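J.: I am attaching a structure below and will ask some questions about it afterwards.
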Amino acid sequence: MKKLWLNCHAATMAGGQYAIIEDAAILTDGARIAWIGARADAPRACDGVRIDLEGAWVTPGLIDCHTHLVFGGDRSGEFEARLQGASYADIAARGGGIASTVRATREASEDALFEAAKTRALGLLREGVTTVEIKSGYGLDLPNERKMLRVARRLADALPLTVRATCLAAHALPPEYADRADDYIAHVCDNMLPALVAENLVDAVDAFCEHLAFSPQQVERVFRTARELGVPVKLHAEQLSSLHGSALAARYRALSADHLEYMTEDDAIAMARAGTVAVLLPGAFYLLRETQLPPIDALRRHGVAMALASDLNPGTSPALSLRLMLNMGCTLFRLTPEEALAGVTIHAASALGLSETHGSLEAGKVADFVAWRIGRPAELAYWLGGALPNRVVRGGEVIAPESFAR
């Protein structure tokens with residue numbers, strides 16, 4: 001069915017900019033945008049439904065391109081420990097950190113993981129998120145990585161969300177492989193990835209390249225396997241130290257390299273040449289009280305697209321609001337509100353390999369958008385949390401998140 005959405009202003013985010021259309025109209029045909037422009041130029045022969053958006057500002061549906069949304073338990077105790085002086089590495093050495101979430105996730109049933117993740121996903125949906133990436137990485141064996149990825153697929157079926165599932169089996173060393181990192185990586189490459197890809201559970205492959213996780217050489221073996229399986233790659237890189245993981249990601253034309261606090265200018269140059277998106281994660285930076293800022297100026301200077309994401313996870317970024325990340329990206333990393341909004345729309349779409357269909361309001365793209373009752377687009381980054389009145393449209397249909405709560 002065709003629908004003409006009227007009485008609005010649009011920040012299309014085409015080209016990574018607001019690209020504002022005052023007094024706009026949007027024509028949707030089923031799940032796609034058929035036309036967008038000034039209302040005075042709207043197609044005259046539209047025989048479909050007309051919807052008054054009451055002066056709202058319309059943006060693309062928001063995209064959270066880096067989450068660990070499926071997990072068991074929580075790590076509020078570690079939050080307290082960090083406030084008392086313990087470092088991320090200290091907590092990991094005591095058996096906490098990722099290892100504690102692995103235990104809780106392995107113990108949880110698939111249904112329990114689904115219900116907990118559904119609640120978190122609905123919170124994102126209410127504030128305008130229509131696409132989300134979900135990583136595994138808290139199973140660290142084949143049955144439990146499969147369980148997590150199955151939950152991601154179930155969420156896509158149960159909710160009006162586009163979900164991209166990323167296999168992060170190379171997230172940490174499981175206890176049964178203590179001091180045998182090479183053996184574990186071999187298991188990931190020879191057994192886990194081929195099985196999970198064959199079951200159509202994987203849209204991308206990720207790894208954690210860090211001194212307390214996996215070396216660049218080990219990560220490269222994972223990347224080679226992903227390439228052989230025809231799956232794109234992403235990377236957690238340069239969060240705590242400089243191992244030039246982002247440059248490694250660029251060599252494999254990764255969709256994104258994420259965190260990046262310790263990346264160098266040479267890394268930025270490599271990412272620019274490869275078209276690899278820099279995903280900035282201010283929630284983790286904030287919660288860990290880090291002081292090393294990502295090199296935003298270098299990323300700008302070399303034209304690297306910058307996305308923003310929640311990094312929703314139980315340990316270092318229990319962030320339930322992507323919109324709060326817009327403010328953090330501006331206040332902590334000195335992004336402009338325009339850059340921040342591009343970071344959760346068009347550049348986030350690129351970080352998921354979806355830029356041809358998602359992330360901006362353009363003819364031919366999916367009709368995912370949010371009508372906000374705000375005075376100007378910068379308000380999305382200005383307000384610290386809270387619910388901004390909105391109307392969420394996915395695939396050309398207005399959705400009510402509350403109807404999916406049960």
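Here, A, B, ... name the chains of the structure tokens in the order displayed, residue numbers run from 1 inside each chain, and ligands are numbered from 1 in the same displayed order.
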Pick out the residues sitting within 8 Å of A:Ser246, and hand them over as a ChimeraX atom specification; count only C-alpha atoms, and ignore anything fewer than 2 positions along from it in its own chain.
T.: /A:235,237-238,244,248-250,257,260,263,267-268,271
J.: Next, write the just-selected residues to a file, as a PDB file, in the first residue's frame, keeping all heavy atoms as the atom set.
T.:
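The result, stored in part.pdb:
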```
ATOM      1  N   LEU A 235      36.161  -6.016  13.948  1.00  0.00           N
ATOM      2  CA  LEU A 235      37.199  -6.235  14.957  1.00  0.00           C
ATOM      3  C   LEU A 235      37.061  -5.270  16.123  1.00  0.00           C
ATOM      4  O   LEU A 235      36.865  -4.076  15.937  1.00  0.00           O
ATOM      5  CB  LEU A 235      38.596  -6.076  14.344  1.00  0.00           C
ATOM      6  CG  LEU A 235      39.777  -6.496  15.242  1.00  0.00           C
ATOM      7  CD1 LEU A 235      39.726  -7.982  15.559  1.00  0.00           C
ATOM      8  CD2 LEU A 235      41.104  -6.132  14.602  1.00  0.00           C
ATOM      9  N   ALA A 237      39.282  -3.453  18.445  1.00  0.00           N
ATOM     10  CA  ALA A 237      40.700  -3.112  18.275  1.00  0.00           C
ATOM     11  C   ALA A 237      41.076  -1.860  19.048  1.00  0.00           C
ATOM     12  O   ALA A 237      40.276  -0.932  19.174  1.00  0.00           O
ATOM     13  CB  ALA A 237      41.008  -2.897  16.795  1.00  0.00           C
ATOM     14  N   GLU A 238      42.306  -1.857  19.545  1.00  0.00           N
ATOM     15  CA  GLU A 238      42.899  -0.659  20.152  1.00  0.00           C
ATOM     16  C   GLU A 238      42.068  -0.068  21.295  1.00  0.00           C
ATOM     17  O   GLU A 238      42.079   1.143  21.506  1.00  0.00           O
ATOM     18  CB  GLU A 238      43.139   0.419  19.081  1.00  0.00           C
ATOM     19  CG  GLU A 238      44.493   0.334  18.416  1.00  0.00           C
ATOM     20  CD  GLU A 238      44.621  -0.805  17.413  1.00  0.00           C
ATOM     21  OE1 GLU A 238      44.026  -0.736  16.341  1.00  0.00           O
ATOM     22  OE2 GLU A 238      45.341  -1.772  17.727  1.00  0.00           O
ATOM     23  N   HIS A 244      47.764  -2.385  16.534  1.00  0.00           N
ATOM     24  CA  HIS A 244      47.504  -2.144  15.120  1.00  0.00           C
ATOM     25  C   HIS A 244      46.485  -3.126  14.553  1.00  0.00           C
ATOM     26  O   HIS A 244      46.529  -3.492  13.378  1.00  0.00           O
ATOM     27  CB  HIS A 244      48.802  -2.172  14.302  1.00  0.00           C
ATOM     28  CG  HIS A 244      49.802  -1.161  14.787  1.00  0.00           C
ATOM     29  ND1 HIS A 244      49.624   0.205  14.624  1.00  0.00           N
ATOM     30  CD2 HIS A 244      50.979  -1.310  15.473  1.00  0.00           C
ATOM     31  CE1 HIS A 244      50.641   0.846  15.178  1.00  0.00           C
ATOM     32  NE2 HIS A 244      51.469  -0.040  15.699  1.00  0.00           N
ATOM     33  N   LEU A 248      45.118  -4.198  10.667  1.00  0.00           N
ATOM     34  CA  LEU A 248      44.870  -5.583  10.263  1.00  0.00           C
ATOM     35  C   LEU A 248      43.452  -5.708   9.718  1.00  0.00           C
ATOM     36  O   LEU A 248      43.222  -6.332   8.667  1.00  0.00           O
ATOM     37  CB  LEU A 248      45.059  -6.510  11.464  1.00  0.00           C
ATOM     38  CG  LEU A 248      44.583  -7.958  11.302  1.00  0.00           C
ATOM     39  CD1 LEU A 248      45.371  -8.660  10.203  1.00  0.00           C
ATOM     40  CD2 LEU A 248      44.714  -8.722  12.614  1.00  0.00           C
ATOM     41  N   ALA A 249      42.491  -5.117  10.418  1.00  0.00           N
ATOM     42  CA  ALA A 249      41.112  -5.154   9.938  1.00  0.00           C
ATOM     43  C   ALA A 249      41.009  -4.530   8.554  1.00  0.00           C
ATOM     44  O   ALA A 249      40.318  -5.045   7.661  1.00  0.00           O
ATOM     45  CB  ALA A 249      40.201  -4.431  10.925  1.00  0.00           C
ATOM     46  N   ALA A 250      41.705  -3.429   8.347  1.00  0.00           N
ATOM     47  CA  ALA A 250      41.672  -2.764   7.045  1.00  0.00           C
ATOM     48  C   ALA A 250      42.229  -3.657   5.941  1.00  0.00           C
ATOM     49  O   ALA A 250      41.711  -3.670   4.821  1.00  0.00           O
ATOM     50  CB  ALA A 250      42.439  -1.456   7.119  1.00  0.00           C
ATOM     51  N   ALA A 257      36.148  -1.394  12.459  1.00  0.00           N
ATOM     52  CA  ALA A 257      37.036  -1.621  13.595  1.00  0.00           C
ATOM     53  C   ALA A 257      36.476  -0.756  14.721  1.00  0.00           C
ATOM     54  O   ALA A 257      36.151   0.416  14.512  1.00  0.00           O
ATOM     55  CB  ALA A 257      38.471  -1.232  13.271  1.00  0.00           C
ATOM     56  N   LEU A 260      39.009   1.750  19.404  1.00  0.00           N
ATOM     57  CA  LEU A 260      40.011   2.569  18.700  1.00  0.00           C
ATOM     58  C   LEU A 260      40.667   3.672  19.523  1.00  0.00           C
ATOM     59  O   LEU A 260      41.325   4.557  18.960  1.00  0.00           O
ATOM     60  CB  LEU A 260      39.394   3.196  17.429  1.00  0.00           C
ATOM     61  CG  LEU A 260      38.768   2.209  16.452  1.00  0.00           C
ATOM     62  CD1 LEU A 260      38.188   2.948  15.259  1.00  0.00           C
ATOM     63  CD2 LEU A 260      39.786   1.176  15.991  1.00  0.00           C
ATOM     64  N   MET A 263      44.434   3.751  18.594  1.00  0.00           N
ATOM     65  CA  MET A 263      44.844   3.623  17.200  1.00  0.00           C
ATOM     66  C   MET A 263      45.781   4.779  16.828  1.00  0.00           C
ATOM     67  O   MET A 263      45.770   5.849  17.452  1.00  0.00           O
ATOM     68  CB  MET A 263      43.630   3.600  16.280  1.00  0.00           C
ATOM     69  CG  MET A 263      42.939   4.938  16.100  1.00  0.00           C
ATOM     70  SD  MET A 263      41.539   4.847  14.952  1.00  0.00           S
ATOM     71  CE  MET A 263      42.369   4.394  13.446  1.00  0.00           C
ATOM     72  N   ASP A 267      47.068   3.797  11.281  1.00  0.00           N
ATOM     73  CA  ASP A 267      45.888   2.928  11.302  1.00  0.00           C
ATOM     74  C   ASP A 267      44.714   3.632  10.615  1.00  0.00           C
ATOM     75  O   ASP A 267      43.957   3.014   9.846  1.00  0.00           O
ATOM     76  CB  ASP A 267      45.485   2.593  12.741  1.00  0.00           C
ATOM     77  CG  ASP A 267      46.524   1.776  13.483  1.00  0.00           C
ATOM     78  OD1 ASP A 267      47.227   0.969  12.837  1.00  0.00           O
ATOM     79  OD2 ASP A 267      46.620   1.929  14.717  1.00  0.00           O
ATOM     80  N   ALA A 268      44.531   4.922  10.915  1.00  0.00           N
ATOM     81  CA  ALA A 268      43.436   5.681  10.311  1.00  0.00           C
ATOM     82  C   ALA A 268      43.589   5.750   8.797  1.00  0.00           C
ATOM     83  O   ALA A 268      42.605   5.616   8.055  1.00  0.00           O
ATOM     84  CB  ALA A 268      43.376   7.087  10.909  1.00  0.00           C
ATOM     85  N   MET A 271      42.523   2.435   7.361  1.00  0.00           N
ATOM     86  CA  MET A 271      41.075   2.273   7.384  1.00  0.00           C
ATOM     87  C   MET A 271      40.410   3.107   6.299  1.00  0.00           C
ATOM     88  O   MET A 271      39.449   2.664   5.652  1.00  0.00           O
ATOM     89  CB  MET A 271      40.531   2.639   8.766  1.00  0.00           C
ATOM     90  CG  MET A 271      40.877   1.625   9.850  1.00  0.00           C
ATOM     91  SD  MET A 271      40.299   2.133  11.491  1.00  0.00           S
ATOM     92  CE  MET A 271      38.521   2.183  11.261  1.00  0.00           C
TER      93      MET A 271
END
```
J.: Check the DSSP output for the backbone and give back, as JSON, numbers by chain, the residues of stretch 119-253 of chain A in alpha helix (DSSP H).
T.: {"A": [119, 120, 121, 122, 123, 124, 125, 126, 142, 143, 144, 145, 146, 147, 148, 149, 150, 151, 152, 153, 154, 155, 156, 157, 158, 181, 182, 183, 184, 185, 186, 187, 193, 194, 195, 196, 197, 198, 216, 217, 218, 219, 220, 221, 222, 223, 224, 225, 226, 227, 228, 229, 245, 246, 247, 248, 249, 250, 251]}
J.: Enumerate as an NGL selection string all residues of stretch 43-136 of chain A assigned to strand (DSSP E) by DSSP on the backbone, naming them with the chain letters and numbers the document uses.
T.: :A and (49-60 or 62-64 or 129-135)
J.: Taking N, CA and C atoms for each residue, export the selection above as a short mmCIF file (atom, residue, chain, number, x, y, z; two decimals), in the first residue's frame.
T.:
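This is the output file result09.cif:
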```cif
data_model
loop_
_atom_site.label_atom_id
_atom_site.label_comp_id
_atom_site.auth_asym_id
_atom_site.auth_seq_id
_atom_site.Cartn_x
_atom_site.Cartn_y
_atom_site.Cartn_z
N VAL A 49 -2.93 6.16 1.32
CA VAL A 49 -3.27 6.79 2.59
C VAL A 49 -2.39 8.02 2.81
N ARG A 50 -2.96 9.07 3.39
CA ARG A 50 -2.19 10.25 3.76
C ARG A 50 -2.09 10.31 5.28
N ILE A 51 -0.88 10.50 5.77
CA ILE A 51 -0.64 10.49 7.22
C ILE A 51 -0.01 11.82 7.62
N ASP A 52 -0.66 12.51 8.54
CA ASP A 52 -0.19 13.80 9.04
C ASP A 52 0.79 13.57 10.18
N LEU A 53 2.04 13.98 10.02
CA LEU A 53 3.06 13.81 11.06
C LEU A 53 3.15 15.01 12.00
N GLU A 54 2.25 15.95 11.86
CA GLU A 54 2.03 17.01 12.84
C GLU A 54 3.30 17.83 13.13
N GLY A 55 4.03 18.13 12.08
CA GLY A 55 5.20 18.99 12.23
C GLY A 55 6.43 18.33 12.79
N ALA A 56 6.46 17.00 12.85
CA ALA A 56 7.60 16.26 13.43
C ALA A 56 8.85 16.40 12.56
N TRP A 57 10.00 16.16 13.21
CA TRP A 57 11.26 15.98 12.49
C TRP A 57 11.44 14.49 12.24
N VAL A 58 11.70 14.13 11.00
CA VAL A 58 11.85 12.72 10.63
C VAL A 58 13.33 12.43 10.37
N THR A 59 13.81 11.36 10.98
CA THR A 59 15.16 10.86 10.72
C THR A 59 15.07 9.41 10.29
N PRO A 60 16.13 8.88 9.70
CA PRO A 60 16.15 7.43 9.48
C PRO A 60 16.00 6.69 10.81
N LEU A 62 17.08 4.59 13.80
CA LEU A 62 18.42 4.51 14.37
C LEU A 62 18.96 3.09 14.27
N ILE A 63 20.29 2.99 14.19
CA ILE A 63 20.97 1.69 14.02
C ILE A 63 22.02 1.55 15.11
N ASP A 64 21.89 0.53 15.93
CA ASP A 64 22.89 0.24 16.97
C ASP A 64 23.79 -0.86 16.41
N VAL A 129 15.31 2.77 17.64
CA VAL A 129 16.25 1.84 17.00
C VAL A 129 15.46 0.82 16.19
N THR A 130 15.72 0.76 14.90
CA THR A 130 15.02 -0.19 14.03
C THR A 130 15.94 -1.28 13.49
N THR A 131 17.25 -1.12 13.69
CA THR A 131 18.23 -2.12 13.27
C THR A 131 19.27 -2.27 14.37
N VAL A 132 19.64 -3.51 14.66
CA VAL A 132 20.60 -3.75 15.73
C VAL A 132 21.52 -4.90 15.34
N GLU A 133 22.78 -4.78 15.69
CA GLU A 133 23.72 -5.89 15.56
C GLU A 133 23.83 -6.56 16.91
N ILE A 134 23.86 -7.90 16.93
CA ILE A 134 23.98 -8.67 18.17
C ILE A 134 25.14 -9.64 18.01
N LYS A 135 26.11 -9.55 18.92
CA LYS A 135 27.27 -10.42 18.90
C LYS A 135 27.08 -11.60 19.85
#
```
J.: I'd like the neighbourhood of A:Leu287 as a PDB file with N, CA, C and O atoms, in the first residue's frame, where a residue qualifies if any of its atoms comes within 12 Å (using only C-alpha atoms), though same-chain residues fewer than 2 positions away should be ignored.
T.:
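This is the output file selection16.pdb:
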```pdb
ATOM      1  N   SER A  76      27.175  -6.153  38.090  1.00  0.00           N
ATOM      2  CA  SER A  76      27.119  -4.948  38.916  1.00  0.00           C
ATOM      3  C   SER A  76      28.164  -4.995  40.033  1.00  0.00           C
ATOM      4  O   SER A  76      28.657  -3.953  40.478  1.00  0.00           O
ATOM      5  N   GLU A  78      31.196  -6.095  39.728  1.00  0.00           N
ATOM      6  CA  GLU A  78      32.445  -5.612  39.144  1.00  0.00           C
ATOM      7  C   GLU A  78      32.430  -4.096  38.990  1.00  0.00           C
ATOM      8  O   GLU A  78      33.476  -3.441  39.102  1.00  0.00           O
ATOM      9  N   PHE A  79      31.259  -3.556  38.731  1.00  0.00           N
ATOM     10  CA  PHE A  79      31.120  -2.101  38.677  1.00  0.00           C
ATOM     11  C   PHE A  79      31.549  -1.485  40.012  1.00  0.00           C
ATOM     12  O   PHE A  79      32.316  -0.519  40.061  1.00  0.00           O
ATOM     13  N   GLU A  80      31.100  -2.096  41.080  1.00  0.00           N
ATOM     14  CA  GLU A  80      31.509  -1.616  42.405  1.00  0.00           C
ATOM     15  C   GLU A  80      33.011  -1.764  42.605  1.00  0.00           C
ATOM     16  O   GLU A  80      33.676  -0.874  43.149  1.00  0.00           O
ATOM     17  N   ARG A  82      35.391  -1.753  40.370  1.00  0.00           N
ATOM     18  CA  ARG A  82      36.129  -0.745  39.613  1.00  0.00           C
ATOM     19  C   ARG A  82      36.101   0.608  40.323  1.00  0.00           C
ATOM     20  O   ARG A  82      37.083   1.342  40.323  1.00  0.00           O
ATOM     21  N   LEU A  83      34.971   0.911  40.945  1.00  0.00           N
ATOM     22  CA  LEU A  83      34.878   2.167  41.681  1.00  0.00           C
ATOM     23  C   LEU A  83      35.809   2.185  42.894  1.00  0.00           C
ATOM     24  O   LEU A  83      36.179   3.249  43.388  1.00  0.00           O
ATOM     25  N   SER A  87      41.160  -2.533  38.179  1.00  0.00           N
ATOM     26  CA  SER A  87      41.178  -2.276  36.741  1.00  0.00           C
ATOM     27  C   SER A  87      40.453  -3.396  36.008  1.00  0.00           C
ATOM     28  O   SER A  87      40.170  -4.463  36.560  1.00  0.00           O
ATOM     29  N   TYR A  88      40.162  -3.146  34.721  1.00  0.00           N
ATOM     30  CA  TYR A  88      39.555  -4.164  33.868  1.00  0.00           C
ATOM     31  C   TYR A  88      40.421  -5.429  33.877  1.00  0.00           C
ATOM     32  O   TYR A  88      39.915  -6.545  34.017  1.00  0.00           O
ATOM     33  N   LEU A 281      32.709   3.897  20.811  1.00  0.00           N
ATOM     34  CA  LEU A 281      31.885   3.317  21.873  1.00  0.00           C
ATOM     35  C   LEU A 281      32.062   4.116  23.164  1.00  0.00           C
ATOM     36  O   LEU A 281      32.782   3.703  24.078  1.00  0.00           O
ATOM     37  N   PRO A 282      31.392   5.269  23.261  1.00  0.00           N
ATOM     38  CA  PRO A 282      31.601   6.125  24.421  1.00  0.00           C
ATOM     39  C   PRO A 282      31.088   5.549  25.729  1.00  0.00           C
ATOM     40  O   PRO A 282      31.538   5.958  26.792  1.00  0.00           O
ATOM     41  N   GLY A 283      30.156   4.599  25.670  1.00  0.00           N
ATOM     42  CA  GLY A 283      29.655   3.996  26.908  1.00  0.00           C
ATOM     43  C   GLY A 283      30.744   3.270  27.666  1.00  0.00           C
ATOM     44  O   GLY A 283      30.883   3.419  28.887  1.00  0.00           O
ATOM     45  N   ALA A 284      31.550   2.479  26.954  1.00  0.00           N
ATOM     46  CA  ALA A 284      32.649   1.758  27.600  1.00  0.00           C
ATOM     47  C   ALA A 284      33.727   2.724  28.068  1.00  0.00           C
ATOM     48  O   ALA A 284      34.298   2.561  29.151  1.00  0.00           O
ATOM     49  N   PHE A 285      34.018   3.723  27.250  1.00  0.00           N
ATOM     50  CA  PHE A 285      35.001   4.750  27.631  1.00  0.00           C
ATOM     51  C   PHE A 285      34.581   5.413  28.940  1.00  0.00           C
ATOM     52  O   PHE A 285      35.382   5.610  29.855  1.00  0.00           O
ATOM     53  N   ARG A 289      36.104   4.763  32.849  1.00  0.00           N
ATOM     54  CA  ARG A 289      36.798   6.001  33.221  1.00  0.00           C
ATOM     55  C   ARG A 289      38.144   6.125  32.500  1.00  0.00           C
ATOM     56  O   ARG A 289      39.170   6.452  33.091  1.00  0.00           O
ATOM     57  N   GLU A 290      38.100   5.837  31.208  1.00  0.00           N
ATOM     58  CA  GLU A 290      39.307   5.932  30.399  1.00  0.00           C
ATOM     59  C   GLU A 290      39.676   7.403  30.169  1.00  0.00           C
ATOM     60  O   GLU A 290      38.834   8.306  30.264  1.00  0.00           O
ATOM     61  N   THR A 291      40.907   7.630  29.831  1.00  0.00           N
ATOM     62  CA  THR A 291      41.371   8.988  29.548  1.00  0.00           C
ATOM     63  C   THR A 291      41.967   9.123  28.143  1.00  0.00           C
ATOM     64  O   THR A 291      42.161  10.232  27.664  1.00  0.00           O
ATOM     65  N   SER A 310      26.099   1.533  21.161  1.00  0.00           N
ATOM     66  CA  SER A 310      25.941   1.421  22.618  1.00  0.00           C
ATOM     67  C   SER A 310      26.970   0.496  23.249  1.00  0.00           C
ATOM     68  O   SER A 310      27.292   0.648  24.427  1.00  0.00           O
ATOM     69  N   ASP A 311      27.456  -0.503  22.481  1.00  0.00           N
ATOM     70  CA  ASP A 311      28.289  -1.562  23.066  1.00  0.00           C
ATOM     71  C   ASP A 311      27.561  -2.221  24.228  1.00  0.00           C
ATOM     72  O   ASP A 311      28.193  -2.662  25.201  1.00  0.00           O
ATOM     73  N   LEU A 312      26.252  -2.277  24.176  1.00  0.00           N
ATOM     74  CA  LEU A 312      25.460  -2.843  25.269  1.00  0.00           C
ATOM     75  C   LEU A 312      26.020  -4.197  25.681  1.00  0.00           C
ATOM     76  O   LEU A 312      26.025  -5.156  24.910  1.00  0.00           O
ATOM     77  N   ASN A 313      26.539  -4.260  26.907  1.00  0.00           N
ATOM     78  CA  ASN A 313      27.071  -5.504  27.446  1.00  0.00           C
ATOM     79  C   ASN A 313      27.038  -5.415  28.967  1.00  0.00           C
ATOM     80  O   ASN A 313      26.932  -4.323  29.527  1.00  0.00           O
ATOM     81  N   PRO A 314      27.147  -6.540  29.671  1.00  0.00           N
ATOM     82  CA  PRO A 314      26.954  -6.509  31.123  1.00  0.00           C
ATOM     83  C   PRO A 314      28.144  -6.016  31.921  1.00  0.00           C
ATOM     84  O   PRO A 314      28.008  -5.738  33.116  1.00  0.00           O
ATOM     85  N   GLY A 315      29.303  -5.880  31.274  1.00  0.00           N
ATOM     86  CA  GLY A 315      30.496  -5.567  32.046  1.00  0.00           C
ATOM     87  C   GLY A 315      31.002  -4.154  31.911  1.00  0.00           C
ATOM     88  O   GLY A 315      31.219  -3.459  32.902  1.00  0.00           O
ATOM     89  N   THR A 316      31.187  -3.693  30.673  1.00  0.00           N
ATOM     90  CA  THR A 316      31.853  -2.402  30.468  1.00  0.00           C
ATOM     91  C   THR A 316      30.962  -1.327  29.871  1.00  0.00           C
ATOM     92  O   THR A 316      31.360  -0.170  29.820  1.00  0.00           O
ATOM     93  N   SER A 317      29.765  -1.706  29.430  1.00  0.00           N
ATOM     94  CA  SER A 317      28.848  -0.694  28.889  1.00  0.00           C
ATOM     95  C   SER A 317      27.410  -1.182  29.000  1.00  0.00           C
ATOM     96  O   SER A 317      26.775  -1.511  27.989  1.00  0.00           O
ATOM     97  N   PRO A 318      26.869  -1.230  30.209  1.00  0.00           N
ATOM     98  CA  PRO A 318      25.473  -1.643  30.368  1.00  0.00           C
ATOM     99  C   PRO A 318      24.535  -0.519  29.934  1.00  0.00           C
ATOM    100  O   PRO A 318      23.726  -0.003  30.715  1.00  0.00           O
ATOM    101  N   ALA A 319      24.656  -0.136  28.687  1.00  0.00           N
ATOM    102  CA  ALA A 319      23.976   1.039  28.140  1.00  0.00           C
ATOM    103  C   ALA A 319      22.686   0.610  27.451  1.00  0.00           C
ATOM    104  O   ALA A 319      22.720  -0.081  26.436  1.00  0.00           O
ATOM    105  N   MET A 328      26.910  11.366  24.639  1.00  0.00           N
ATOM    106  CA  MET A 328      28.265  11.005  25.073  1.00  0.00           C
ATOM    107  C   MET A 328      29.269  11.175  23.941  1.00  0.00           C
ATOM    108  O   MET A 328      30.405  11.609  24.160  1.00  0.00           O
ATOM    109  N   LEU A 332      31.985  13.640  25.224  1.00  0.00           N
ATOM    110  CA  LEU A 332      33.246  12.961  25.539  1.00  0.00           C
ATOM    111  C   LEU A 332      34.226  12.981  24.370  1.00  0.00           C
ATOM    112  O   LEU A 332      35.425  13.165  24.562  1.00  0.00           O
TER     113      LEU A 332
END
```
J.: Tell me which of A:Gly61, A:Gly123, A:Gly85, A:Pro143 sits closest to A:Ala11, counting only C-alpha atoms.
T.: A:Gly61
J.: Of the candidates A:Ala340, A:Ala305, A:Leu113, A:Leu243, which shows the shortest atom-to-atom distance to A:Glu261, using only C-alpha atoms?
T.: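 Checking each of A:Ala340, A:Ala305, A:Leu113, A:Leu243 against A:Glu261, counting only C-alpha atoms, the winner is A:Leu243.
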J.: Find the residues near stretch 375-381 of chain A: any atom within 10 Å, counting only C-alpha atoms, skip ones fewer than 3 places away on the same chain, and give them as a ChimeraX atom specification.
T.: /A:9-11,18,20,55-59,323-331,336-338,340-341,372,384-385,388
J.: From the options A:Glu22, A:Glu110, A:Ile185, A:Val70, which residue's atoms come nearest to A:Ala40, counting only C-alpha atoms?
T.: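 Counting only C-alpha atoms, the residue closest to A:Ala40 is A:Glu22.
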J.: Please provide the set of residues having any atom within 8 Å of A:Val219, restricted to only C-alpha atoms, with same-chain residues fewer than 5 positions apart removed, written as a PyMOL selection string.
T.: chain A and resi 170+207-209+214
J.: Got time to write the residues from that selection, C-alpha atoms, as a PDB file, in the first residue's frame?
T.:
```
ATOM      1  CA  ALA A 170      37.212 -15.197  19.489  1.00  0.00           C
ATOM      2  CA  ALA A 207      37.320 -10.945  17.281  1.00  0.00           C
ATOM      3  CA  PHE A 208      38.901  -9.167  20.252  1.00  0.00           C
ATOM      4  CA  CYS A 209      42.451  -8.142  19.393  1.00  0.00           C
ATOM      5  CA  PHE A 214      43.992 -12.562  21.162  1.00  0.00           C
TER       6      PHE A 214
END
```
J.: Skipping near chain neighbours, those fewer than 4 positions away, what residues fall within 9 Å of A:Leu299 using only C-alpha atoms, listed as a list in words?
T.: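 Residues meeting the cut-off are Glu265, Ala268, Ile269, Met271, Ala272, Ala278, Pro294, Pro295, Gly303, Val304, Ala305 and Met306 of chain A.
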J.: Any chance you can output those residues with N, CA, C and O atoms as a short mmCIF file (atom, residue, chain, number, x, y, z; two decimals), in the first residue's frame?
T.:
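The resulting again_8.cif:
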```cif
data_model
loop_
_atom_site.label_atom_id
_atom_site.label_comp_id
_atom_site.auth_asym_id
_atom_site.auth_seq_id
_atom_site.Cartn_x
_atom_site.Cartn_y
_atom_site.Cartn_z
N GLU A 265 47.72 7.26 13.64
CA GLU A 265 47.34 7.91 12.38
C GLU A 265 47.54 6.96 11.21
O GLU A 265 46.75 6.96 10.26
N ALA A 268 44.53 4.92 10.91
CA ALA A 268 43.44 5.68 10.31
C ALA A 268 43.59 5.75 8.80
O ALA A 268 42.60 5.62 8.06
N ILE A 269 44.81 5.94 8.33
CA ILE A 269 45.05 5.99 6.89
C ILE A 269 44.68 4.65 6.24
O ILE A 269 44.04 4.61 5.17
N MET A 271 42.52 2.43 7.36
CA MET A 271 41.07 2.27 7.38
C MET A 271 40.41 3.11 6.30
O MET A 271 39.45 2.66 5.65
N ALA A 272 40.91 4.31 6.09
CA ALA A 272 40.34 5.16 5.05
C ALA A 272 40.48 4.52 3.68
O ALA A 272 39.53 4.52 2.87
N ALA A 278 34.97 3.34 11.43
CA ALA A 278 35.40 3.43 12.83
C ALA A 278 34.16 3.49 13.71
O ALA A 278 33.39 4.45 13.61
N PRO A 294 39.81 8.41 21.50
CA PRO A 294 40.05 8.01 20.11
C PRO A 294 40.55 9.22 19.32
O PRO A 294 40.16 10.36 19.60
N PRO A 295 41.38 9.01 18.33
CA PRO A 295 41.94 10.13 17.56
C PRO A 295 40.94 10.68 16.55
O PRO A 295 41.07 10.47 15.33
N GLY A 303 39.13 11.12 6.42
CA GLY A 303 37.84 10.78 5.84
C GLY A 303 37.31 9.42 6.23
O GLY A 303 36.59 8.79 5.44
N VAL A 304 37.64 8.95 7.43
CA VAL A 304 37.11 7.67 7.91
C VAL A 304 35.71 7.90 8.46
O VAL A 304 35.49 8.76 9.32
N ALA A 305 34.74 7.16 7.97
CA ALA A 305 33.38 7.27 8.48
C ALA A 305 33.35 6.84 9.93
O ALA A 305 33.92 5.80 10.31
N MET A 306 32.65 7.62 10.77
CA MET A 306 32.59 7.33 12.21
C MET A 306 31.16 6.97 12.60
O MET A 306 30.24 7.77 12.44
#
```
J.: With only C-alpha atoms as the basis for distance, which of A:Glu228, A:Asp258, A:Asp266, A:Glu362 is at the shortest distance from A:Ala307?
T.: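 Comparing A:Glu228, A:Asp258, A:Asp266, A:Glu362 against A:Ala307, the winner is A:Asp258.
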